Number of protein chains: 2
Amino acid sequence: MQKLTAQRQAILDIINRSDKHWDADEVAFKLKEKGISIGIATVYRGLAALAEQGLIESIQLADKKRYERADKSHHDHLICTECGAIEEFCKPEIETLQDKVAAERGFKIQGHQLLLFGLCIGCKAGES
Amino acid sequence: MQKLTAQRQAILDIINRSDKHWDADEVAFKLKEKGISIGIATVYRGLAALAEQGLIESIQLADKKRYERADKSHHDHLICTECGAIEEFCKPEIETLQDKVAAERGFKIQGHQLLLFGLCIGCKAGES
DNA sequence: TAGCGAATGATAATCATTATCACTATCATC
DNA sequence: GATGATAGTGATAATGATTATCATTCGCTA
Ligand SMILES: [Mn+2]
Ligand SMILES: [Mn+2]
Ligand SMILES: [Zn+2]
Ligand SMILES: [Zn+2]
């Protein structure tokens, strides 16, 4: 019985109002900017609780977790190794092939994570 | 000019002699078991150096890096969320589709990471 | 043999995240 | 309205993987 407290609502609002992929510190900073004071531990707990309830989505990057709105359809991510930009894509054929791979070896899929690393179109242009 | 020192050779031997996906602690433990004394910092540095030279492969799991032999062809991983088992698979069609996605948006791919999470065949059987 | 760059090892530091713990808010029941 | 049960909060300590520091040592090459 997780509660949607005022603190969690504030966190949810921030994430729902943007297309960004937020980490805990960024959310905490934004809250402070808006004059809302929430302890950093509460931000972490709030993000975890919201994700558990499906109110936001989480993606695990190498070093840290990031959270985004849940009202988008499923997608995976392209990550620019130069500027850190995160783009999104959806390729149902890939998902189908993933299911096939799992089925072939009796593996029951619970989730997946596909990250494509490289240079975004902007950073590619500015290469030597 | 990275050197293949005795310490790094010892680390390389351990990894090359198995099909496991090793983390730094496991390598350090195995070294101790074999009576070889290498500082943990050197193990971390050695693994990074070997990976940089392409002598071993690295995969980044949620919390930690793991290393494996480099003399296998490219593959991705299925990870059992119950027992931690790591299986491998190769699906060239998926790789092709990834390249297509990247090409479509002018993204220059440098690498990718595809993890399928779920229950391995053994753990699936033992579910309630 | 002297000098130099790279490596080593012990240990401190970092960084994201989680655990602790005392305190508080919420809500149902008496 | 008082009382408990339960969950949440916030300050802060702890954790765990990894990296940084730094004095010392190794392996070469001039
Ligand atoms: Mn996204
Ligand atoms: Mn593998
Ligand atoms: Zn970029
Ligand atoms: Zn399993």
# chains A, B, ... in the order shown; residues from 1 in each chain; ligands from 1
$ interface_residues --of "chain C" --to "chain B" --cutoff "9 Å" --atoms "only C-alpha atoms (C1' of nucleotides)" --output "list in words"
DA6, DA7, DT8, DG9 and DA10 of chain C
$ select_by_dssp --residues "chain A" --states "strand (DSSP E)" --output "count of residues only"
31
$ residues_near_ligand --ligand "ligand 4" --cutoff "7 Å" --atoms "only C-alpha atoms (C1' of nucleotides) and all ligand atoms" --output "PDB file with N, CA, C and O atoms, in the first residue's frame"
ATOM      1  N   CYS B  80      19.368 -14.381 -15.781  1.00  0.00           N
ATOM      2  CA  CYS B  80      18.309 -14.891 -14.915  1.00  0.00           C
ATOM      3  C   CYS B  80      18.228 -14.019 -13.666  1.00  0.00           C
ATOM      4  O   CYS B  80      19.211 -13.858 -12.947  1.00  0.00           O
ATOM      5  N   THR B  81      17.047 -13.470 -13.424  1.00  0.00           N
ATOM      6  CA  THR B  81      16.867 -12.571 -12.287  1.00  0.00           C
ATOM      7  C   THR B  81      16.757 -13.351 -10.981  1.00  0.00           C
ATOM      8  O   THR B  81      16.753 -12.755  -9.905  1.00  0.00           O
ATOM      9  N   GLU B  82      16.676 -14.669 -11.104  1.00  0.00           N
ATOM     10  CA  GLU B  82      16.528 -15.501  -9.914  1.00  0.00           C
ATOM     11  C   GLU B  82      17.886 -16.016  -9.433  1.00  0.00           C
ATOM     12  O   GLU B  82      18.262 -15.807  -8.288  1.00  0.00           O
ATOM     13  N   CYS B  83      18.618 -16.663 -10.321  1.00  0.00           N
ATOM     14  CA  CYS B  83      19.875 -17.296  -9.909  1.00  0.00           C
ATOM     15  C   CYS B  83      21.101 -16.562 -10.444  1.00  0.00           C
ATOM     16  O   CYS B  83      22.232 -16.916 -10.099  1.00  0.00           O
ATOM     17  N   GLY B  84      20.890 -15.565 -11.284  1.00  0.00           N
ATOM     18  CA  GLY B  84      22.027 -14.797 -11.784  1.00  0.00           C
ATOM     19  C   GLY B  84      22.764 -15.427 -12.949  1.00  0.00           C
ATOM     20  O   GLY B  84      23.758 -14.877 -13.434  1.00  0.00           O
ATOM     21  N   ALA B  85      22.283 -16.550 -13.408  1.00  0.00           N
ATOM     22  CA  ALA B  85      22.941 -17.208 -14.541  1.00  0.00           C
ATOM     23  C   ALA B  85      22.968 -16.300 -15.761  1.00  0.00           C
ATOM     24  O   ALA B  85      22.035 -15.537 -15.989  1.00  0.00           O
ATOM     25  N   LEU B 119      13.597 -15.474 -16.351  1.00  0.00           N
ATOM     26  CA  LEU B 119      13.891 -16.697 -15.614  1.00  0.00           C
ATOM     27  C   LEU B 119      14.480 -17.738 -16.541  1.00  0.00           C
ATOM     28  O   LEU B 119      13.900 -18.043 -17.587  1.00  0.00           O
ATOM     29  N   CYS B 120      15.615 -18.282 -16.147  1.00  0.00           N
ATOM     30  CA  CYS B 120      16.224 -19.348 -16.938  1.00  0.00           C
ATOM     31  C   CYS B 120      15.321 -20.576 -16.829  1.00  0.00           C
ATOM     32  O   CYS B 120      14.432 -20.641 -15.990  1.00  0.00           O
ATOM     33  N   ILE B 121      15.602 -21.521 -17.674  1.00  0.00           N
ATOM     34  CA  ILE B 121      14.716 -22.693 -17.744  1.00  0.00           C
ATOM     35  C   ILE B 121      14.615 -23.415 -16.397  1.00  0.00           C
ATOM     36  O   ILE B 121      13.549 -23.883 -16.011  1.00  0.00           O
ATOM     37  N   GLY B 122      15.725 -23.441 -15.663  1.00  0.00           N
ATOM     38  CA  GLY B 122      15.710 -24.091 -14.354  1.00  0.00           C
ATOM     39  C   GLY B 122      14.858 -23.347 -13.347  1.00  0.00           C
ATOM     40  O   GLY B 122      14.021 -23.925 -12.660  1.00  0.00           O
ATOM     41  N   CYS B 123      15.052 -22.065 -13.269  1.00  0.00           N
ATOM     42  CA  CYS B 123      14.316 -21.269 -12.289  1.00  0.00           C
ATOM     43  C   CYS B 123      12.837 -21.156 -12.645  1.00  0.00           C
ATOM     44  O   CYS B 123      11.986 -21.033 -11.779  1.00  0.00           O
TER      45      CYS B 123
END
$ select_by_dssp --residues "segment 39-126 of chain B" --states "helix (DSSP H, G or I)" --output "ChimeraX atom specification"
/B:40-52,92-104,121-125
$ interface_residues --of "chain A" --to "chain B" --cutoff "7 Å" --atoms "only C-alpha atoms" --output "list in words"
Gln60, Ala62, Ile94, Leu97, Gly106, Phe107, Lys108, Ile109, Gln110, Gly111, His112, Gln113, Leu114, Leu115, Leu116, Phe117, Gly118, Leu119, Cys120, Ile121 and Lys124 of chain A
$ write_last_selection --atoms "C-alpha atoms" --output "short mmCIF file (atom, residue, chain, number, x, y, z; two decimals), in the first residue's frame"
data_model
loop_
_atom_site.label_atom_id
_atom_site.label_comp_id
_atom_site.auth_asym_id
_atom_site.auth_seq_id
_atom_site.Cartn_x
_atom_site.Cartn_y
_atom_site.Cartn_z
CA GLN A 60 19.39 1.75 -15.83
CA ALA A 62 25.94 2.30 -16.67
CA ILE A 94 13.56 -6.31 -32.55
CA LEU A 97 13.20 -11.39 -32.26
CA GLY A 106 12.97 -21.87 -22.51
CA PHE A 107 13.75 -18.54 -20.95
CA LYS A 108 10.80 -16.62 -19.54
CA ILE A 109 11.33 -12.96 -20.37
CA GLN A 110 10.51 -10.36 -17.73
CA GLY A 111 12.12 -7.38 -19.39
CA HIS A 112 14.96 -6.17 -21.49
CA GLN A 113 17.29 -3.30 -21.98
CA LEU A 114 18.67 -2.24 -25.33
CA LEU A 115 21.09 0.66 -25.45
CA LEU A 116 22.75 1.86 -28.64
CA PHE A 117 25.88 3.89 -27.98
CA GLY A 118 27.44 6.26 -30.48
CA LEU A 119 27.47 9.78 -31.80
CA CYS A 120 24.30 11.75 -32.29
CA ILE A 121 23.90 13.57 -35.55
CA LYS A 124 29.03 13.29 -35.54
#
$ closest_residue --among "D:DA2, D:DA7, D:DA17, D:DC28" --to "chain B" --atoms "only C-alpha atoms (C1' of nucleotides)"
D:DA17
$ interface_residues --of "chain D" --to "chain A" --cutoff "10 Å" --atoms "only C-alpha atoms (C1' of nucleotides)" --output "PDB file with all heavy atoms, in the first residue's frame"
ATOM      1  P    DT D   6      -0.072  -2.745  11.821  1.00  0.00           P
ATOM      2  OP1  DT D   6      -0.658  -3.922  11.142  1.00  0.00           O
ATOM      3  OP2  DT D   6       1.114  -2.869  12.717  1.00  0.00           O
ATOM      4  O5'  DT D   6       0.285  -1.663  10.705  1.00  0.00           O
ATOM      5  C5'  DT D   6      -0.772  -1.044   9.957  1.00  0.00           C
ATOM      6  C4'  DT D   6      -0.186   0.013   9.048  1.00  0.00           C
ATOM      7  O4'  DT D   6       0.000   1.257   9.784  1.00  0.00           O
ATOM      8  C3'  DT D   6       1.185  -0.359   8.470  1.00  0.00           C
ATOM      9  O3'  DT D   6       1.119  -0.232   7.064  1.00  0.00           O
ATOM     10  C2'  DT D   6       2.140   0.642   9.091  1.00  0.00           C
ATOM     11  C1'  DT D   6       1.218   1.829   9.362  1.00  0.00           C
ATOM     12  N1   DT D   6       1.657   2.757  10.427  1.00  0.00           N
ATOM     13  C2   DT D   6       1.487   4.105  10.230  1.00  0.00           C
ATOM     14  O2   DT D   6       0.993   4.573   9.220  1.00  0.00           O
ATOM     15  N3   DT D   6       1.920   4.898  11.252  1.00  0.00           N
ATOM     16  C4   DT D   6       2.494   4.490  12.442  1.00  0.00           C
ATOM     17  O4   DT D   6       2.828   5.304  13.284  1.00  0.00           O
ATOM     18  C5   DT D   6       2.645   3.062  12.586  1.00  0.00           C
ATOM     19  C7   DT D   6       3.254   2.515  13.836  1.00  0.00           C
ATOM     20  C6   DT D   6       2.222   2.265  11.588  1.00  0.00           C
ATOM     21  P    DA D   7       2.350  -0.637   6.138  1.00  0.00           P
ATOM     22  OP1  DA D   7       1.879  -1.459   5.003  1.00  0.00           O
ATOM     23  OP2  DA D   7       3.452  -1.111   6.992  1.00  0.00           O
ATOM     24  O5'  DA D   7       2.721   0.798   5.571  1.00  0.00           O
ATOM     25  C5'  DA D   7       1.678   1.643   5.105  1.00  0.00           C
ATOM     26  C4'  DA D   7       2.231   3.018   4.833  1.00  0.00           C
ATOM     27  O4'  DA D   7       2.507   3.698   6.094  1.00  0.00           O
ATOM     28  C3'  DA D   7       3.548   3.007   4.065  1.00  0.00           C
ATOM     29  O3'  DA D   7       3.470   3.983   3.032  1.00  0.00           O
ATOM     30  C2'  DA D   7       4.602   3.349   5.121  1.00  0.00           C
ATOM     31  C1'  DA D   7       3.808   4.232   6.084  1.00  0.00           C
ATOM     32  N9   DA D   7       4.305   4.225   7.460  1.00  0.00           N
ATOM     33  C8   DA D   7       4.677   3.149   8.216  1.00  0.00           C
ATOM     34  N7   DA D   7       5.078   3.460   9.425  1.00  0.00           N
ATOM     35  C5   DA D   7       4.955   4.838   9.475  1.00  0.00           C
ATOM     36  C6   DA D   7       5.219   5.785  10.492  1.00  0.00           C
ATOM     37  N6   DA D   7       5.686   5.454  11.697  1.00  0.00           N
ATOM     38  N1   DA D   7       4.991   7.081  10.207  1.00  0.00           N
ATOM     39  C2   DA D   7       4.525   7.406   9.001  1.00  0.00           C
ATOM     40  N3   DA D   7       4.233   6.608   7.960  1.00  0.00           N
ATOM     41  C4   DA D   7       4.478   5.323   8.271  1.00  0.00           C
ATOM     42  P    DG D   8       4.695   4.413   2.208  1.00  0.00           P
ATOM     43  OP1  DG D   8       4.206   4.741   0.868  1.00  0.00           O
ATOM     44  OP2  DG D   8       5.756   3.410   2.416  1.00  0.00           O
ATOM     45  O5'  DG D   8       5.140   5.772   2.903  1.00  0.00           O
ATOM     46  C5'  DG D   8       4.172   6.810   3.028  1.00  0.00           C
ATOM     47  C4'  DG D   8       4.861   8.070   3.501  1.00  0.00           C
ATOM     48  O4'  DG D   8       5.255   7.920   4.881  1.00  0.00           O
ATOM     49  C3'  DG D   8       6.126   8.427   2.730  1.00  0.00           C
ATOM     50  O3'  DG D   8       6.099   9.828   2.492  1.00  0.00           O
ATOM     51  C2'  DG D   8       7.252   8.004   3.662  1.00  0.00           C
ATOM     52  C1'  DG D   8       6.632   8.224   5.023  1.00  0.00           C
ATOM     53  N9   DG D   8       7.127   7.385   6.105  1.00  0.00           N
ATOM     54  C8   DG D   8       7.235   6.020   6.129  1.00  0.00           C
ATOM     55  N7   DG D   8       7.701   5.548   7.268  1.00  0.00           N
ATOM     56  C5   DG D   8       7.907   6.684   8.045  1.00  0.00           C
ATOM     57  C6   DG D   8       8.387   6.819   9.370  1.00  0.00           C
ATOM     58  O6   DG D   8       8.746   5.925  10.152  1.00  0.00           O
ATOM     59  N1   DG D   8       8.442   8.152   9.770  1.00  0.00           N
ATOM     60  C2   DG D   8       8.065   9.216   8.989  1.00  0.00           C
ATOM     61  N2   DG D   8       8.178  10.426   9.536  1.00  0.00           N
ATOM     62  N3   DG D   8       7.598   9.115   7.753  1.00  0.00           N
ATOM     63  C4   DG D   8       7.554   7.819   7.342  1.00  0.00           C
ATOM     64  P    DT D   9       7.189  10.554   1.712  1.00  0.00           P
ATOM     65  OP1  DT D   9       6.582  11.665   0.957  1.00  0.00           O
ATOM     66  OP2  DT D   9       8.027   9.546   1.027  1.00  0.00           O
ATOM     67  O5'  DT D   9       8.032  11.173   2.904  1.00  0.00           O
ATOM     68  C5'  DT D   9       7.408  12.078   3.807  1.00  0.00           C
ATOM     69  C4'  DT D   9       8.419  12.637   4.780  1.00  0.00           C
ATOM     70  O4'  DT D   9       8.781  11.613   5.731  1.00  0.00           O
ATOM     71  C3'  DT D   9       9.722  13.118   4.129  1.00  0.00           C
ATOM     72  O3'  DT D   9       9.946  14.465   4.522  1.00  0.00           O
ATOM     73  C2'  DT D   9      10.792  12.174   4.689  1.00  0.00           C
ATOM     74  C1'  DT D   9      10.157  11.684   5.991  1.00  0.00           C
ATOM     75  N1   DT D   9      10.541  10.332   6.462  1.00  0.00           N
ATOM     76  C2   DT D   9      11.030  10.171   7.739  1.00  0.00           C
ATOM     77  O2   DT D   9      11.211  11.098   8.500  1.00  0.00           O
ATOM     78  N3   DT D   9      11.315   8.873   8.095  1.00  0.00           N
ATOM     79  C4   DT D   9      11.151   7.745   7.321  1.00  0.00           C
ATOM     80  O4   DT D   9      11.429   6.626   7.761  1.00  0.00           O
ATOM     81  C5   DT D   9      10.640   7.972   5.989  1.00  0.00           C
ATOM     82  C7   DT D   9      10.438   6.808   5.066  1.00  0.00           C
ATOM     83  C6   DT D   9      10.359   9.240   5.624  1.00  0.00           C
ATOM     84  P    DG D  10      10.881  15.393   3.631  1.00  0.00           P
ATOM     85  OP1  DG D  10      10.306  16.751   3.599  1.00  0.00           O
ATOM     86  OP2  DG D  10      11.205  14.683   2.375  1.00  0.00           O
ATOM     87  O5'  DG D  10      12.188  15.432   4.526  1.00  0.00           O
ATOM     88  C5'  DG D  10      12.083  15.837   5.885  1.00  0.00           C
ATOM     89  C4'  DG D  10      13.393  15.610   6.600  1.00  0.00           C
ATOM     90  O4'  DG D  10      13.505  14.215   6.993  1.00  0.00           O
ATOM     91  C3'  DG D  10      14.646  15.894   5.764  1.00  0.00           C
ATOM     92  O3'  DG D  10      15.590  16.511   6.627  1.00  0.00           O
ATOM     93  C2'  DG D  10      15.134  14.508   5.352  1.00  0.00           C
ATOM     94  C1'  DG D  10      14.750  13.698   6.580  1.00  0.00           C
ATOM     95  N9   DG D  10      14.555  12.270   6.351  1.00  0.00           N
ATOM     96  C8   DG D  10      14.108  11.662   5.209  1.00  0.00           C
ATOM     97  N7   DG D  10      14.012  10.353   5.320  1.00  0.00           N
ATOM     98  C5   DG D  10      14.420  10.091   6.615  1.00  0.00           C
ATOM     99  C6   DG D  10      14.525   8.858   7.312  1.00  0.00           C
ATOM    100  O6   DG D  10      14.255   7.723   6.911  1.00  0.00           O
ATOM    101  N1   DG D  10      14.982   9.034   8.611  1.00  0.00           N
ATOM    102  C2   DG D  10      15.301  10.253   9.169  1.00  0.00           C
ATOM    103  N2   DG D  10      15.727  10.228  10.427  1.00  0.00           N
ATOM    104  N3   DG D  10      15.199  11.415   8.529  1.00  0.00           N
ATOM    105  C4   DG D  10      14.759  11.255   7.261  1.00  0.00           C
ATOM    106  P    DA D  11      16.679  17.458   6.057  1.00  0.00           P
ATOM    107  OP1  DA D  11      16.299  18.844   6.369  1.00  0.00           O
ATOM    108  OP2  DA D  11      17.042  17.085   4.684  1.00  0.00           O
ATOM    109  O5'  DA D  11      17.874  17.033   7.037  1.00  0.00           O
ATOM    110  C5'  DA D  11      17.613  16.915   8.434  1.00  0.00           C
ATOM    111  C4'  DA D  11      18.617  15.980   9.075  1.00  0.00           C
ATOM    112  O4'  DA D  11      18.211  14.607   8.859  1.00  0.00           O
ATOM    113  C3'  DA D  11      20.042  16.104   8.526  1.00  0.00           C
ATOM    114  O3'  DA D  11      20.955  16.147   9.612  1.00  0.00           O
ATOM    115  C2'  DA D  11      20.217  14.854   7.690  1.00  0.00           C
ATOM    116  C1'  DA D  11      19.313  13.857   8.402  1.00  0.00           C
ATOM    117  N9   DA D  11      18.788  12.796   7.524  1.00  0.00           N
ATOM    118  C8   DA D  11      18.335  12.939   6.245  1.00  0.00           C
ATOM    119  N7   DA D  11      17.919  11.814   5.698  1.00  0.00           N
ATOM    120  C5   DA D  11      18.118  10.877   6.699  1.00  0.00           C
ATOM    121  C6   DA D  11      17.881   9.485   6.747  1.00  0.00           C
ATOM    122  N6   DA D  11      17.361   8.794   5.739  1.00  0.00           N
ATOM    123  N1   DA D  11      18.189   8.843   7.888  1.00  0.00           N
ATOM    124  C2   DA D  11      18.703   9.540   8.910  1.00  0.00           C
ATOM    125  N3   DA D  11      18.971  10.848   8.983  1.00  0.00           N
ATOM    126  C4   DA D  11      18.656  11.466   7.825  1.00  0.00           C
TER     127       DA D  11
END
$ residues_near_ligand --ligand "ligand 1" --cutoff "8 Å" --atoms "only C-alpha atoms (C1' of nucleotides) and all ligand atoms" --output "list in words"
Asp19, Lys20, His21, Ile59, Glu68, Arg69, His75, Asp76, His77, Ile86, Glu87 and Glu88 of chain A
$ atom_distance --atom1 "atom CA of Glu104 of chain A" --atom2 "atom 1 (Mn, counted along the ligand's line) of ligand 2"
17.7 Å
$ closest_residue --among "B:Ile11, B:Ala48, B:Leu4, B:Ala70" --to "ligand 2" --atoms "only C-alpha atoms and all ligand atoms"
B:Ala70
$ residues_around --residues "Ala10 of chain A" --least-positions-apart "6" --cutoff "12 Å" --atoms "only C-alpha atoms (C1' of nucleotides)" --output "compact mmCIF listing (two decimals) with N, CA, C and O atoms, in the first residue's frame"
# COMPACT_ATOMS: atom_id res chain seq x y z
N LEU A 4 0.59 7.97 -2.35
CA LEU A 4 1.01 9.04 -3.23
C LEU A 4 0.99 10.32 -2.39
O LEU A 4 0.03 11.08 -2.39
N ASN A 16 6.43 14.16 -15.17
CA ASN A 16 5.34 14.14 -16.15
C ASN A 16 5.31 15.37 -17.05
O ASN A 16 4.74 15.34 -18.12
N ARG A 17 5.91 16.44 -16.56
CA ARG A 17 5.87 17.67 -17.34
C ARG A 17 7.02 17.81 -18.33
O ARG A 17 7.25 18.89 -18.86
N VAL A 27 16.24 15.71 -10.22
CA VAL A 27 14.91 15.91 -9.66
C VAL A 27 15.01 16.75 -8.38
O VAL A 27 14.24 17.70 -8.18
N ALA A 28 15.97 16.41 -7.54
CA ALA A 28 16.14 17.15 -6.28
C ALA A 28 16.43 18.62 -6.56
O ALA A 28 15.89 19.51 -5.89
N LYS A 30 15.64 20.36 -9.24
CA LYS A 30 14.44 20.99 -9.79
C LYS A 30 13.44 21.32 -8.68
O LYS A 30 12.81 22.38 -8.68
N LEU A 31 13.33 20.42 -7.73
CA LEU A 31 12.43 20.65 -6.60
C LEU A 31 12.87 21.89 -5.84
O LEU A 31 12.06 22.75 -5.48
N LYS A 32 14.16 21.98 -5.57
CA LYS A 32 14.70 23.12 -4.84
C LYS A 32 14.40 24.40 -5.62
O LYS A 32 13.99 25.41 -5.06
N LYS A 34 12.02 24.99 -7.50
CA LYS A 34 10.61 25.34 -7.37
C LYS A 34 10.24 25.69 -5.94
O LYS A 34 9.07 25.91 -5.60
N GLY A 35 11.25 25.73 -5.07
CA GLY A 35 10.99 26.11 -3.69
C GLY A 35 10.42 25.00 -2.83
O GLY A 35 9.94 25.23 -1.72
N ILE A 36 10.48 23.77 -3.35
CA ILE A 36 9.97 22.63 -2.59
C ILE A 36 11.14 21.92 -1.92
O ILE A 36 12.12 21.57 -2.57
N SER A 37 11.06 21.74 -0.62
CA SER A 37 12.17 21.13 0.11
C SER A 37 11.87 19.66 0.43
O SER A 37 11.01 19.36 1.25
N ILE A 38 12.59 18.78 -0.22
CA ILE A 38 12.42 17.35 0.00
C ILE A 38 13.78 16.72 0.17
O ILE A 38 14.68 16.94 -0.64
N THR A 42 14.33 10.93 0.38
CA THR A 42 12.92 10.85 0.02
C THR A 42 12.76 10.89 -1.49
O THR A 42 11.87 10.26 -2.04
N VAL A 43 13.63 11.64 -2.15
CA VAL A 43 13.59 11.67 -3.62
C VAL A 43 13.88 10.28 -4.16
O VAL A 43 13.15 9.76 -5.02
N GLY A 46 10.99 8.07 -3.34
CA GLY A 46 9.83 8.46 -4.14
C GLY A 46 9.95 7.95 -5.56
O GLY A 46 8.99 7.39 -6.10
N LEU A 47 11.11 8.12 -6.15
CA LEU A 47 11.31 7.65 -7.52
C LEU A 47 11.11 6.14 -7.60
O LEU A 47 10.45 5.63 -8.50
N LEU A 50 7.34 5.35 -7.18
CA LEU A 50 6.57 5.71 -8.36
C LEU A 50 6.81 4.72 -9.50
O LEU A 50 5.88 4.35 -10.22
$ atom_distance --atom1 "atom CA of Leu12 of chain A" --atom2 "atom CA of Leu55 of chain A"
7.8 Å
$ atom_distance --atom1 "atom C1' of DA25 of chain C" --atom2 "atom C1' of DA5 of chain D"
12.6 Å
$ decode --residues "chain C" --atoms "C-alpha atoms (C1' of nucleotides)" --output "CSV table (one decimal), in the first residue's frame"
chain,number,residue,atom,x,y,z
C,1,DT,C1',74.8,1.5,-14.5
C,2,DA,C1',71.6,5.5,-14.6
C,3,DG,C1',67.4,7.3,-15.9
C,4,DC,C1',62.5,7.1,-17.4
C,5,DG,C1',57.9,5.7,-18.1
C,6,DA,C1',54.7,2.5,-16.7
C,7,DA,C1',53.0,-0.6,-13.1
C,8,DT,C1',52.1,-1.9,-8.4
C,9,DG,C1',49.9,-2.0,-3.9
C,10,DA,C1',48.1,0.0,0.2
C,11,DT,C1',44.9,3.1,1.2
C,12,DA,C1',41.9,7.2,0.8
C,13,DA,C1',38.4,9.1,-1.9
C,14,DT,C1',34.3,9.2,-4.8
C,15,DC,C1',29.7,8.6,-6.1
C,16,DA,C1',25.2,6.6,-6.4
C,17,DT,C1',22.4,4.4,-3.7
C,18,DT,C1',20.5,2.1,0.6
C,19,DA,C1',20.0,1.5,5.6
C,20,DT,C1',19.1,3.5,10.1
C,21,DC,C1',16.5,5.8,13.3
C,22,DA,C1',13.9,9.2,15.5
C,23,DC,C1',10.1,11.6,14.4
C,24,DT,C1',5.7,12.8,11.9
C,25,DA,C1',1.6,12.4,9.0
C,26,DT,C1',-2.6,9.7,7.8
C,27,DC,C1',-6.4,7.2,8.7
C,28,DA,C1',-9.4,3.8,10.9
C,29,DT,C1',-11.3,2.6,15.2
C,30,DC,C1',-12.7,3.1,20.0
